[in-house]
$ cat protein.csv   # CSV, C-alpha atoms
chain,number,residue,atom,x,y,z
G,1,MET,CA,-10.2,-9.0,13.4
G,2,PHE,CA,-6.7,-9.1,12.3
G,3,ALA,CA,-3.9,-11.1,14.0
G,4,PRO,CA,-0.4,-10.9,12.7
G,5,ARG,CA,0.3,-14.0,10.6
G,6,GLN,CA,3.9,-14.0,11.6
G,7,THR,CA,5.5,-12.5,14.7
G,8,VAL,CA,9.2,-11.5,14.4
G,9,ALA,CA,10.9,-11.4,17.7
G,10,GLY,CA,12.8,-8.3,16.6
G,11,ARG,CA,15.9,-7.0,18.1
G,12,ALA,CA,15.0,-4.6,20.9
G,13,ASP,CA,17.8,-2.3,20.1
G,14,VAL,CA,17.1,-2.0,16.4
G,15,VAL,CA,14.9,0.6,14.7
G,16,LEU,CA,14.2,0.8,11.0
G,17,GLY,CA,13.6,4.3,9.6
G,18,VAL,CA,11.7,4.6,6.3
G,19,ASP,CA,11.2,7.5,4.0
G,20,PRO,CA,8.5,6.0,1.8
G,21,GLY,CA,8.4,6.5,-2.0
G,22,LEU,CA,7.9,4.6,-5.2
G,23,THR,CA,10.9,5.9,-7.2
G,24,ARG,CA,13.1,5.9,-4.1
G,25,CYS,CA,12.2,4.4,-0.8
G,26,GLY,CA,14.9,5.3,1.7
G,27,PHE,CA,15.7,3.0,4.6
G,28,ALA,CA,18.1,3.0,7.5
G,29,GLY,CA,18.4,0.2,10.1
G,30,LEU,CA,20.1,1.5,13.3
G,31,ARG,CA,21.3,-0.5,16.3
G,32,THR,CA,21.9,1.3,19.6
G,33,HIS,CA,24.4,0.1,22.2
G,34,ALA,CA,26.3,1.6,25.1
G,35,GLY,CA,29.1,2.8,22.7
G,36,GLY,CA,26.8,4.5,20.2
G,37,ILE,CA,24.8,3.7,17.2
G,38,ASP,CA,25.7,1.2,14.4
G,39,VAL,CA,24.3,1.3,10.9
G,40,LEU,CA,23.1,-2.2,10.0
G,41,ALA,CA,21.6,-1.3,6.7
G,42,MET,CA,21.1,2.0,4.8
G,43,GLY,CA,20.1,2.6,1.2
G,44,VAL,CA,17.1,3.0,-1.1
G,45,ILE,CA,14.7,0.6,-2.7
G,46,THR,CA,14.1,1.7,-6.3
G,47,SER,CA,11.8,0.6,-9.1
G,48,PRO,CA,12.1,1.6,-12.8
G,49,SER,CA,9.9,4.6,-13.6
G,50,ASP,CA,8.9,3.1,-16.9
G,51,MET,CA,7.3,0.1,-15.2
G,52,ASP,CA,3.5,0.3,-14.4
G,53,VAL,CA,2.6,1.4,-10.9
G,54,ALA,CA,1.2,-2.0,-9.8
G,55,HIS,CA,4.4,-3.7,-10.8
G,56,ARG,CA,6.5,-1.1,-9.0
G,57,LEU,CA,4.5,-1.5,-5.8
G,58,ALA,CA,4.9,-5.3,-6.1
G,59,THR,CA,8.7,-4.7,-6.4
G,60,LEU,CA,8.6,-2.6,-3.2
G,61,HIS,CA,6.5,-5.1,-1.4
G,62,GLN,CA,9.0,-7.9,-2.2
G,63,ASP,CA,12.1,-5.8,-1.4
G,64,PHE,CA,10.8,-4.2,1.8
G,65,ASP,CA,9.6,-7.6,3.1
G,66,ALA,CA,13.1,-9.0,2.6
G,67,LEU,CA,14.6,-5.9,4.3
G,68,LEU,CA,12.4,-6.6,7.4
G,69,SER,CA,13.7,-10.1,7.5
G,70,GLU,CA,17.3,-8.9,7.3
G,71,VAL,CA,17.2,-6.1,9.8
G,72,GLU,CA,14.7,-7.6,12.3
G,73,PRO,CA,13.7,-4.3,13.8
G,74,SER,CA,11.7,-4.0,17.0
G,75,ALA,CA,10.2,-0.8,15.7
G,76,VAL,CA,9.6,0.8,12.3
G,77,ALA,CA,9.6,4.6,12.1
G,78,VAL,CA,8.0,6.0,9.0
G,79,GLU,CA,7.7,9.6,7.7
G,80,ARG,CA,4.1,10.7,7.6
G,81,VAL,CA,3.0,11.6,4.1
G,82,PHE,CA,1.6,15.1,3.5
G,83,PHE,CA,0.1,16.5,0.4
G,84,GLN,CA,2.3,19.1,-1.2
G,85,SER,CA,2.4,20.8,-4.6
G,86,ASN,CA,3.0,17.6,-6.6
G,87,VAL,CA,-0.2,15.6,-6.4
G,88,SER,CA,1.1,12.8,-8.6
G,89,THR,CA,4.1,12.3,-6.4
G,90,ALA,CA,2.1,12.5,-3.2
G,91,MET,CA,-0.2,9.8,-4.6
G,92,SER,CA,2.7,7.3,-5.2
G,93,VAL,CA,4.3,8.2,-1.9
G,94,ALA,CA,1.0,7.4,-0.2
G,95,GLN,CA,0.7,4.1,-2.1
G,96,ALA,CA,4.2,3.2,-1.2
G,97,SER,CA,3.6,4.0,2.5
G,98,GLY,CA,0.5,1.8,2.5
G,99,VAL,CA,2.7,-1.2,1.5
G,100,VAL,CA,5.4,-0.4,4.1
G,101,LEU,CA,2.9,0.1,7.0
G,102,ALA,CA,1.0,-3.0,6.1
G,103,LEU,CA,4.1,-5.2,5.9
G,104,ALA,CA,5.5,-4.0,9.2
G,105,SER,CA,2.2,-4.3,11.0
G,106,MET,CA,1.6,-7.8,9.7
G,107,ARG,CA,4.8,-8.9,11.5
G,108,GLY,CA,3.5,-7.5,14.7
G,109,ILE,CA,6.2,-4.8,14.7
G,110,PRO,CA,5.1,-1.5,16.3
G,111,VAL,CA,4.9,1.3,13.6
G,112,VAL,CA,5.3,4.9,14.5
G,113,GLN,CA,4.9,7.8,12.1
G,114,TYR,CA,6.6,11.2,12.4
G,115,SER,CA,6.0,14.4,10.5
G,116,PRO,CA,8.9,16.0,8.6
G,117,SER,CA,9.0,18.8,11.2
G,118,GLN,CA,9.2,16.4,14.1
G,119,VAL,CA,12.1,14.7,12.4
G,120,LYS,CA,14.0,18.0,11.7
G,121,SER,CA,13.3,19.2,15.3
G,122,ALA,CA,14.6,15.9,16.8
G,123,VAL,CA,17.7,15.7,14.7
G,124,ALA,CA,18.7,19.3,13.9
G,125,GLY,CA,17.0,21.2,16.7
G,126,SER,CA,14.6,23.1,14.4
G,127,GLY,CA,11.4,22.0,12.6
G,128,THR,CA,12.5,24.2,9.7
G,129,ALA,CA,16.1,23.0,9.4
G,130,ASP,CA,17.3,22.6,5.8
G,131,LYS,CA,18.2,19.3,4.2
G,132,LEU,CA,22.0,19.9,4.5
G,133,SER,CA,21.8,20.6,8.2
G,134,VAL,CA,19.8,17.4,8.7
G,135,GLN,CA,22.3,15.4,6.7
G,136,LYS,CA,25.3,16.9,8.6
G,137,MET,CA,23.7,16.0,12.0
G,138,VAL,CA,23.0,12.5,10.7
G,139,GLN,CA,26.6,12.2,9.6
G,140,ARG,CA,27.8,13.3,13.1
G,141,ARG,CA,25.4,11.1,15.1
G,142,LEU,CA,26.3,8.1,13.1
G,143,GLY,CA,30.0,8.9,12.9
G,144,LEU,CA,30.1,8.7,9.1
G,145,GLN,CA,33.2,9.7,7.1
G,146,SER,CA,31.1,11.7,4.6
G,147,LEU,CA,27.6,13.0,4.2
G,148,PRO,CA,25.1,10.2,4.0
G,149,GLU,CA,24.0,9.5,0.5
G,150,PRO,CA,21.6,9.3,-1.3
G,151,ALA,CA,19.4,11.9,0.3
G,152,ASP,CA,16.5,9.5,0.8
G,153,ALA,CA,18.7,7.1,2.8
G,154,ALA,CA,19.9,10.1,4.9
G,155,ASP,CA,16.2,11.1,5.5
G,156,ALA,CA,15.4,7.6,6.6
G,157,ALA,CA,18.3,7.7,9.1
G,158,ALA,CA,17.0,11.0,10.4
G,159,ILE,CA,13.6,9.4,11.0
G,160,ALA,CA,15.2,6.5,12.9
G,161,LEU,CA,17.2,8.9,15.0
G,162,CYS,CA,14.0,10.9,15.7
G,163,HIS,CA,12.4,7.7,17.0
G,164,LEU,CA,15.4,6.9,19.2
G,165,ALA,CA,15.2,10.4,20.6
G,166,ALA,CA,11.4,10.2,21.1
G,167,SER,CA,11.4,6.8,22.8
G,168,PRO,CA,13.8,5.9,25.6
G,169,LEU,CA,15.2,2.4,25.5
G,170,ALA,CA,12.9,1.1,28.2
G,171,SER,CA,9.7,1.9,26.3
G,172,ARG,CA,11.3,0.5,23.1
G,173,VAL,CA,12.1,-2.8,24.9
G,174,ALA,CA,8.5,-2.9,26.3
G,175,ALA,CA,7.1,-2.3,22.9
G,176,ALA,CA,9.1,-5.1,21.4
G,177,GLN,CA,8.1,-7.4,24.2
G,178,GLY,CA,4.4,-6.5,23.7
G,179,ALA,CA,4.7,-7.2,20.0
G,180,ARG,CA,6.1,-10.7,20.8
G,181,SER,CA,3.4,-11.7,23.3
K,1,MET,CA,14.0,-6.8,-11.1
K,2,PHE,CA,10.8,-8.1,-9.8
K,3,ALA,CA,9.3,-11.5,-10.7
K,4,PRO,CA,6.0,-12.6,-9.4
K,5,ARG,CA,6.6,-14.9,-6.4
K,6,GLN,CA,3.5,-16.8,-7.2
K,7,THR,CA,1.6,-17.1,-10.5
K,8,VAL,CA,-2.1,-17.7,-10.2
K,9,ALA,CA,-3.5,-19.3,-13.4
K,10,GLY,CA,-6.6,-17.2,-12.9
K,11,ARG,CA,-10.0,-17.9,-14.5
K,12,ALA,CA,-10.0,-16.2,-17.9
K,13,ASP,CA,-13.6,-15.2,-17.6
K,14,VAL,CA,-13.4,-13.7,-14.1
K,15,VAL,CA,-12.7,-10.1,-13.4
K,16,LEU,CA,-12.4,-8.6,-9.9
K,17,GLY,CA,-13.4,-5.0,-9.5
K,18,VAL,CA,-12.1,-3.0,-6.6
K,19,ASP,CA,-13.1,0.4,-5.1
K,20,PRO,CA,-10.2,0.9,-2.8
K,21,GLY,CA,-10.6,2.3,0.7
K,22,LEU,CA,-9.5,1.8,4.3
K,23,THR,CA,-12.8,2.1,6.0
K,24,ARG,CA,-14.6,0.3,3.3
K,25,CYS,CA,-12.9,-1.4,0.3
K,26,GLY,CA,-15.6,-2.5,-2.1
K,27,PHE,CA,-15.1,-5.6,-4.3
K,28,ALA,CA,-17.0,-7.6,-6.9
K,29,GLY,CA,-15.9,-10.7,-8.6
K,30,LEU,CA,-17.8,-11.2,-11.9
K,31,ARG,CA,-17.8,-14.2,-14.2
K,32,THR,CA,-18.9,-13.8,-17.8
K,33,HIS,CA,-20.4,-16.6,-19.8
K,34,ALA,CA,-22.6,-17.1,-22.8
K,35,GLY,CA,-25.7,-16.6,-20.7
K,36,GLY,CA,-24.7,-13.5,-19.0
K,37,ILE,CA,-22.7,-12.5,-15.9
K,38,ASP,CA,-22.6,-14.3,-12.6
K,39,VAL,CA,-21.6,-12.6,-9.3
K,40,LEU,CA,-19.0,-14.8,-7.6
K,41,ALA,CA,-18.3,-12.5,-4.7
K,42,MET,CA,-19.5,-9.0,-3.8
K,43,GLY,CA,-19.0,-7.0,-0.6
K,44,VAL,CA,-16.7,-4.8,1.4
K,45,ILE,CA,-13.5,-5.4,3.4
K,46,THR,CA,-13.7,-3.2,6.5
K,47,SER,CA,-11.4,-2.3,9.4
K,48,PRO,CA,-12.3,-0.6,12.7
K,49,SER,CA,-11.8,3.1,12.5
K,50,ASP,CA,-10.4,3.2,16.0
K,51,MET,CA,-7.5,0.9,15.0
K,52,ASP,CA,-4.2,2.5,14.0
K,53,VAL,CA,-3.6,2.9,10.3
K,54,ALA,CA,-0.8,0.4,10.0
K,55,HIS,CA,-2.9,-2.3,11.6
K,56,ARG,CA,-5.9,-1.5,9.4
K,57,LEU,CA,-3.7,-1.7,6.3
K,58,ALA,CA,-2.4,-5.1,7.6
K,59,THR,CA,-6.0,-6.2,7.9
K,60,LEU,CA,-6.8,-5.2,4.3
K,61,HIS,CA,-3.6,-6.9,3.2
K,62,GLN,CA,-4.7,-10.2,4.8
K,63,ASP,CA,-8.3,-10.0,3.6
K,64,PHE,CA,-7.6,-8.9,0.1
K,65,ASP,CA,-5.0,-11.6,-0.4
K,66,ALA,CA,-7.5,-14.2,0.8
K,67,LEU,CA,-10.1,-12.7,-1.7
K,68,LEU,CA,-7.6,-13.1,-4.6
K,69,SER,CA,-7.2,-16.8,-3.6
K,70,GLU,CA,-10.9,-17.3,-3.5
K,71,VAL,CA,-12.0,-15.5,-6.7
K,72,GLU,CA,-8.9,-16.3,-8.8
K,73,PRO,CA,-9.4,-13.4,-11.2
K,74,SER,CA,-7.5,-13.2,-14.5
K,75,ALA,CA,-7.7,-9.4,-14.3
K,76,VAL,CA,-8.2,-6.9,-11.4
K,77,ALA,CA,-9.8,-3.5,-12.3
K,78,VAL,CA,-9.2,-0.8,-9.7
K,79,GLU,CA,-10.7,2.7,-9.5
K,80,ARG,CA,-8.0,5.3,-9.9
K,81,VAL,CA,-7.6,7.5,-6.9
K,82,PHE,CA,-8.0,11.2,-7.2
K,83,PHE,CA,-7.5,13.9,-4.7
K,84,GLN,CA,-10.6,15.6,-3.7
K,85,SER,CA,-11.7,17.9,-1.0
K,86,ASN,CA,-11.0,15.5,1.9
K,87,VAL,CA,-7.2,15.1,2.0
K,88,SER,CA,-7.3,12.7,4.9
K,89,THR,CA,-9.6,10.4,3.1
K,90,ALA,CA,-7.6,10.6,-0.1
K,91,MET,CA,-4.5,9.7,1.8
K,92,SER,CA,-6.0,6.5,3.3
K,93,VAL,CA,-7.6,5.6,-0.1
K,94,ALA,CA,-4.2,5.9,-1.8
K,95,GLN,CA,-2.6,3.8,0.9
K,96,ALA,CA,-5.3,1.1,0.5
K,97,SER,CA,-4.9,1.2,-3.3
K,98,GLY,CA,-1.1,0.6,-2.8
K,99,VAL,CA,-1.8,-2.6,-0.9
K,100,VAL,CA,-4.4,-3.8,-3.5
K,101,LEU,CA,-2.2,-3.0,-6.5
K,102,ALA,CA,0.9,-4.6,-5.0
K,103,LEU,CA,-0.9,-7.9,-4.1
K,104,ALA,CA,-2.6,-8.3,-7.4
K,105,SER,CA,0.6,-7.6,-9.3
K,106,MET,CA,2.7,-10.0,-7.1
K,107,ARG,CA,0.5,-12.8,-8.3
K,108,GLY,CA,1.1,-11.8,-11.9
K,109,ILE,CA,-2.5,-10.7,-12.5
K,110,PRO,CA,-2.9,-7.8,-14.9
K,111,VAL,CA,-4.1,-4.7,-13.2
K,112,VAL,CA,-6.0,-2.0,-14.9
K,113,GLN,CA,-7.1,1.3,-13.4
K,114,TYR,CA,-10.1,3.3,-14.5
K,115,SER,CA,-11.1,6.8,-13.6
K,116,PRO,CA,-14.5,7.4,-12.0
K,117,SER,CA,-15.8,9.1,-15.2
K,118,GLN,CA,-14.6,6.2,-17.3
K,119,VAL,CA,-16.6,3.8,-15.1
K,120,LYS,CA,-19.7,6.0,-15.2
K,121,SER,CA,-19.5,6.3,-19.0
K,122,ALA,CA,-19.1,2.6,-19.5
K,123,VAL,CA,-21.9,1.6,-17.1
K,124,ALA,CA,-24.5,4.4,-17.2
K,125,GLY,CA,-23.6,6.1,-20.6
K,126,SER,CA,-22.4,9.4,-19.1
K,127,GLY,CA,-19.2,10.4,-17.3
K,128,THR,CA,-21.3,12.6,-14.9
K,129,ALA,CA,-24.0,10.0,-14.1
K,130,ASP,CA,-25.1,10.1,-10.5
K,131,LYS,CA,-24.6,7.3,-8.0
K,132,LEU,CA,-28.2,6.0,-8.2
K,133,SER,CA,-28.1,5.8,-12.0
K,134,VAL,CA,-24.9,3.7,-11.8
K,135,GLN,CA,-26.4,1.4,-9.1
K,136,LYS,CA,-29.5,0.9,-11.2
K,137,MET,CA,-27.5,-0.1,-14.2
K,138,VAL,CA,-25.4,-2.4,-12.1
K,139,GLN,CA,-28.6,-4.0,-10.8
K,140,ARG,CA,-29.9,-4.5,-14.3
K,141,ARG,CA,-26.7,-5.8,-15.8
K,142,LEU,CA,-26.3,-8.3,-13.0
K,143,GLY,CA,-29.9,-9.3,-12.8
K,144,LEU,CA,-30.2,-8.5,-9.1
K,145,GLN,CA,-33.5,-8.4,-7.3
K,146,SER,CA,-32.7,-5.1,-5.5
K,147,LEU,CA,-30.2,-2.3,-5.7
K,148,PRO,CA,-26.7,-3.6,-4.9
K,149,GLU,CA,-25.6,-2.8,-1.4
K,150,PRO,CA,-23.5,-1.4,0.2
K,151,ALA,CA,-22.6,1.4,-2.2
K,152,ASP,CA,-18.9,0.6,-2.2
K,153,ALA,CA,-19.7,-3.0,-3.4
K,154,ALA,CA,-21.9,-1.6,-6.2
K,155,ASP,CA,-19.1,0.8,-7.2
K,156,ALA,CA,-16.7,-2.2,-7.4
K,157,ALA,CA,-19.2,-4.0,-9.6
K,158,ALA,CA,-19.4,-1.0,-11.9
K,159,ILE,CA,-15.6,-1.0,-12.2
K,160,ALA,CA,-15.6,-4.7,-13.1
K,161,LEU,CA,-18.4,-4.0,-15.7
K,162,CYS,CA,-16.4,-1.1,-17.1
K,163,HIS,CA,-13.4,-3.5,-17.6
K,164,LEU,CA,-15.6,-6.0,-19.3
K,165,ALA,CA,-16.9,-3.3,-21.6
K,166,ALA,CA,-13.4,-2.0,-22.3
K,167,SER,CA,-11.7,-5.4,-23.0
K,168,PRO,CA,-13.3,-7.9,-25.3
K,169,LEU,CA,-13.0,-11.6,-24.2
K,170,ALA,CA,-10.2,-12.3,-26.6
K,171,SER,CA,-7.9,-9.7,-25.1
K,172,ARG,CA,-8.8,-10.8,-21.6
K,173,VAL,CA,-7.9,-14.3,-22.4
K,174,ALA,CA,-4.6,-13.2,-24.0
K,175,ALA,CA,-3.8,-11.1,-21.0
K,176,ALA,CA,-4.5,-14.0,-18.7
K,177,GLN,CA,-2.3,-16.3,-20.8
K,178,GLY,CA,0.5,-13.7,-20.8
K,179,ALA,CA,0.4,-13.4,-17.1
K,180,ARG,CA,0.8,-17.2,-16.8
K,181,SER,CA,3.8,-17.5,-19.1

$ encode --input "protein.csv" --output "C-alpha cells"
Amino acid sequence: MFAPRQTVAGRADVVLGVDPGLTRCGFAGLRTHAGGIDVLAMGVITSPSDMDVAHRLATLHQDFDALLSEVEPSAVAVERVFFQSNVSTAMSVAQASGVVLALASMRGIPVVQYSPSQVKSAVAGSGTADKLSVQKMVQRRLGLQSLPEPADAADAAAIALCHLAASPLASRVAAAQGARS
Amino acid sequence: MFAPRQTVAGRADVVLGVDPGLTRCGFAGLRTHAGGIDVLAMGVITSPSDMDVAHRLATLHQDFDALLSEVEPSAVAVERVFFQSNVSTAMSVAQASGVVLALASMRGIPVVQYSPSQVKSAVAGSGTADKLSVQKMVQRRLGLQSLPEPADAADAAAIALCHLAASPLASRVAAAQGARS
C-alpha cells in the first residue's frame, strides 16, 4: 500500500489549477483571503516538440515538482482529460496528466479533477461558454489589467476558480489538515 | 532545458520491458549473456481499483522507481499505447505510461517504444500472432518450466525480447555509455 513519501503542509488557502499538456501545461496558483484572490504563480511549463516524448515527460516531471515546492498548495485541481478528435494530442495530454496527478498525490495533496464543462459552468455560468468568455471572467475575478495569457494559463486559472467555487473554505481547510495527518 | 537529476550507470546487458497499465503494469528485467537470457525480475505492479486515480498513479510512481533501482537497466522498452475500444482503459494506460517514461528518462536511461505488432513480429514471427503463441515463445526463449504468468508480465517479457532482437549488443552498449556521459 502506498504512503506519501513526503507530506507538504500546504497553505490551506492556496489552490493550484492545472491544465495538463506536454507541449504546454498551464498552471495557476491562487491564494484566497478576505480581500479577494491573489495570483501567486501563473504560466505554462513547456518542452521542445522535437525532443522525444520520454524526455519531455521528464522535463515536465522536474518542472512540476519544483512548482509544487514553490506554490505549496493545499489542493491541486486538474482538468479531466477527454478523448477528442486528435488522438495523438489526447495521448500526450493523458501522459502529462499522469505525471501531474502522481506528483501531487505523492506529496499527500488532495487532487480533484473537473471536466471542461464543470469549469466553464463555475466560471462563466454556462457549460458551453466560449474561450473568450472564460478568459474575461478569469480577468475580472483576478482583477487583471488585461486578458490572462497564454490561453493555457488562463484555463488553469479557471480550473482553480472552479475548485474555489466548488469547495467552501471550511472543507478546503479540513482537506489540508487531513492531508497533513 | 532538462538534465537528468540522477544518472544510473545501468548494466549494459540488462533491458527492462514494461507493459504499462494502472490496474496491472507488467515488467520483466532480462539479462543477456553468452549462455542465454536470465530473468532478473518479472511480475506486475498493481494498485487497488477502489483507490482514486491520483493515488494509484503515486503508487505506480513509487513502485516503478524502486524497480528501476533494483534492476538497473541500460534500456527500458515500453509498449506504445494505442486507443482501442475501451476509452477509459486507454486513458489510464496512457497516464501510467506517462509516469513510466518520465521516471526512466529522468535517470538518463534510453527509452524505446514498440507497437504491439512489432512485439508480436519480433517474438512470434507474425504481427497478428495470438496471445498464447507469444506466451509460448516467451516461455521457450527464457527457458521457463511453464507458461509465464500473469499475462501482463509475459507481455512485458515479450517487449524486452523485442528490444533485444531489434538492437544488437553493440548498439545497446553504446546507448548505455551515451546515457552515462

$ closest_atom_pairs --input "protein.csv" --of "chain K" --to "chain G" --cutoff "6 Å" --atoms "all atoms listed in the file" --output "Markdown table"
| residue | atom | partner | partner_atom | distance |
| --- | --- | --- | --- | --- |
| K:Phe2 | CA | G:Thr59 | CA | 5.2 |
| K:Ala54 | CA | G:Leu101 | CA | 4.8 |
| K:His55 | CA | G:Ser105 | CA | 5.5 |
| K:Leu57 | CA | G:Ala102 | CA | 4.9 |
| K:Ala58 | CA | G:Ala102 | CA | 4.3 |
| K:Thr59 | CA | G:Phe2 | CA | 5.3 |
| K:Ala94 | CA | G:Gln95 | CA | 5.2 |
| K:Gln95 | CA | G:Gly98 | CA | 4.0 |
| K:Gly98 | CA | G:Gln95 | CA | 4.0 |
| K:Val99 | CA | G:Val99 | CA | 5.3 |
| K:Leu101 | CA | G:Ala54 | CA | 4.8 |
| K:Ala102 | CA | G:Ala58 | CA | 4.2 |
| K:Ser105 | CA | G:His55 | CA | 5.6 |
| K:Met106 | CA | G:Ala58 | CA | 5.3 |

$ residues_around --input "protein.csv" --residues "Ala157 (chain G)" --least-positions-apart "6" --cutoff "10 Å" --atoms "only C-alpha atoms" --output "list of chain:residue names"
G:Val15, G:Leu16, G:Gly17, G:Val18, G:Asp19, G:Gly26, G:Phe27, G:Ala28, G:Gly29, G:Leu30, G:Val39, G:Ala41, G:Met42, G:Gly43, G:Ala77, G:Val119, G:Val123, G:Val134, G:Gln135, G:Val138, G:Gln139, G:Arg141, G:Leu142, G:Pro148, G:Ala151, G:His163

$ atom_distance --input "protein.csv" --atom1 "CA of Pro73 (chain K)" --atom2 "CA of Gln145 (chain K)"
24.9 Å

$ atom_distance --input "protein.csv" --atom1 "CA of Leu132 (chain K)" --atom2 "CA of Glu79 (chain K)"
17.9 Å

$ atom_distance --input "protein.csv" --atom1 "CA of Asp152 (chain K)" --atom2 "CA of Met51 (chain G)"
29.3 Å

$ closest_residue --input "protein.csv" --among "K:Val44, K:Ala124, K:Val78, K:Leu147" --to "Ile159 (chain K)" --atoms "only C-alpha atoms"
K:Val78

$ closest_residue --input "protein.csv" --among "K:Pro116, K:Gly21, K:Arg11, K:Asp38" --to "Glu70 (chain K)" --atoms "only C-alpha atoms"
K:Arg11

$ closest_residue --input "protein.csv" --among "K:Leu67, K:Asp13, K:Ser126, K:Glu149" --to "Ala34 (chain K)" --atoms "all atoms listed in the file"
K:Asp13

$ closest_residue --input "protein.csv" --among "G:Ile45, G:Ser115, G:Leu40, G:His33" --to "Thr128 (chain G)" --atoms "all atoms listed in the file"
G:Ser115
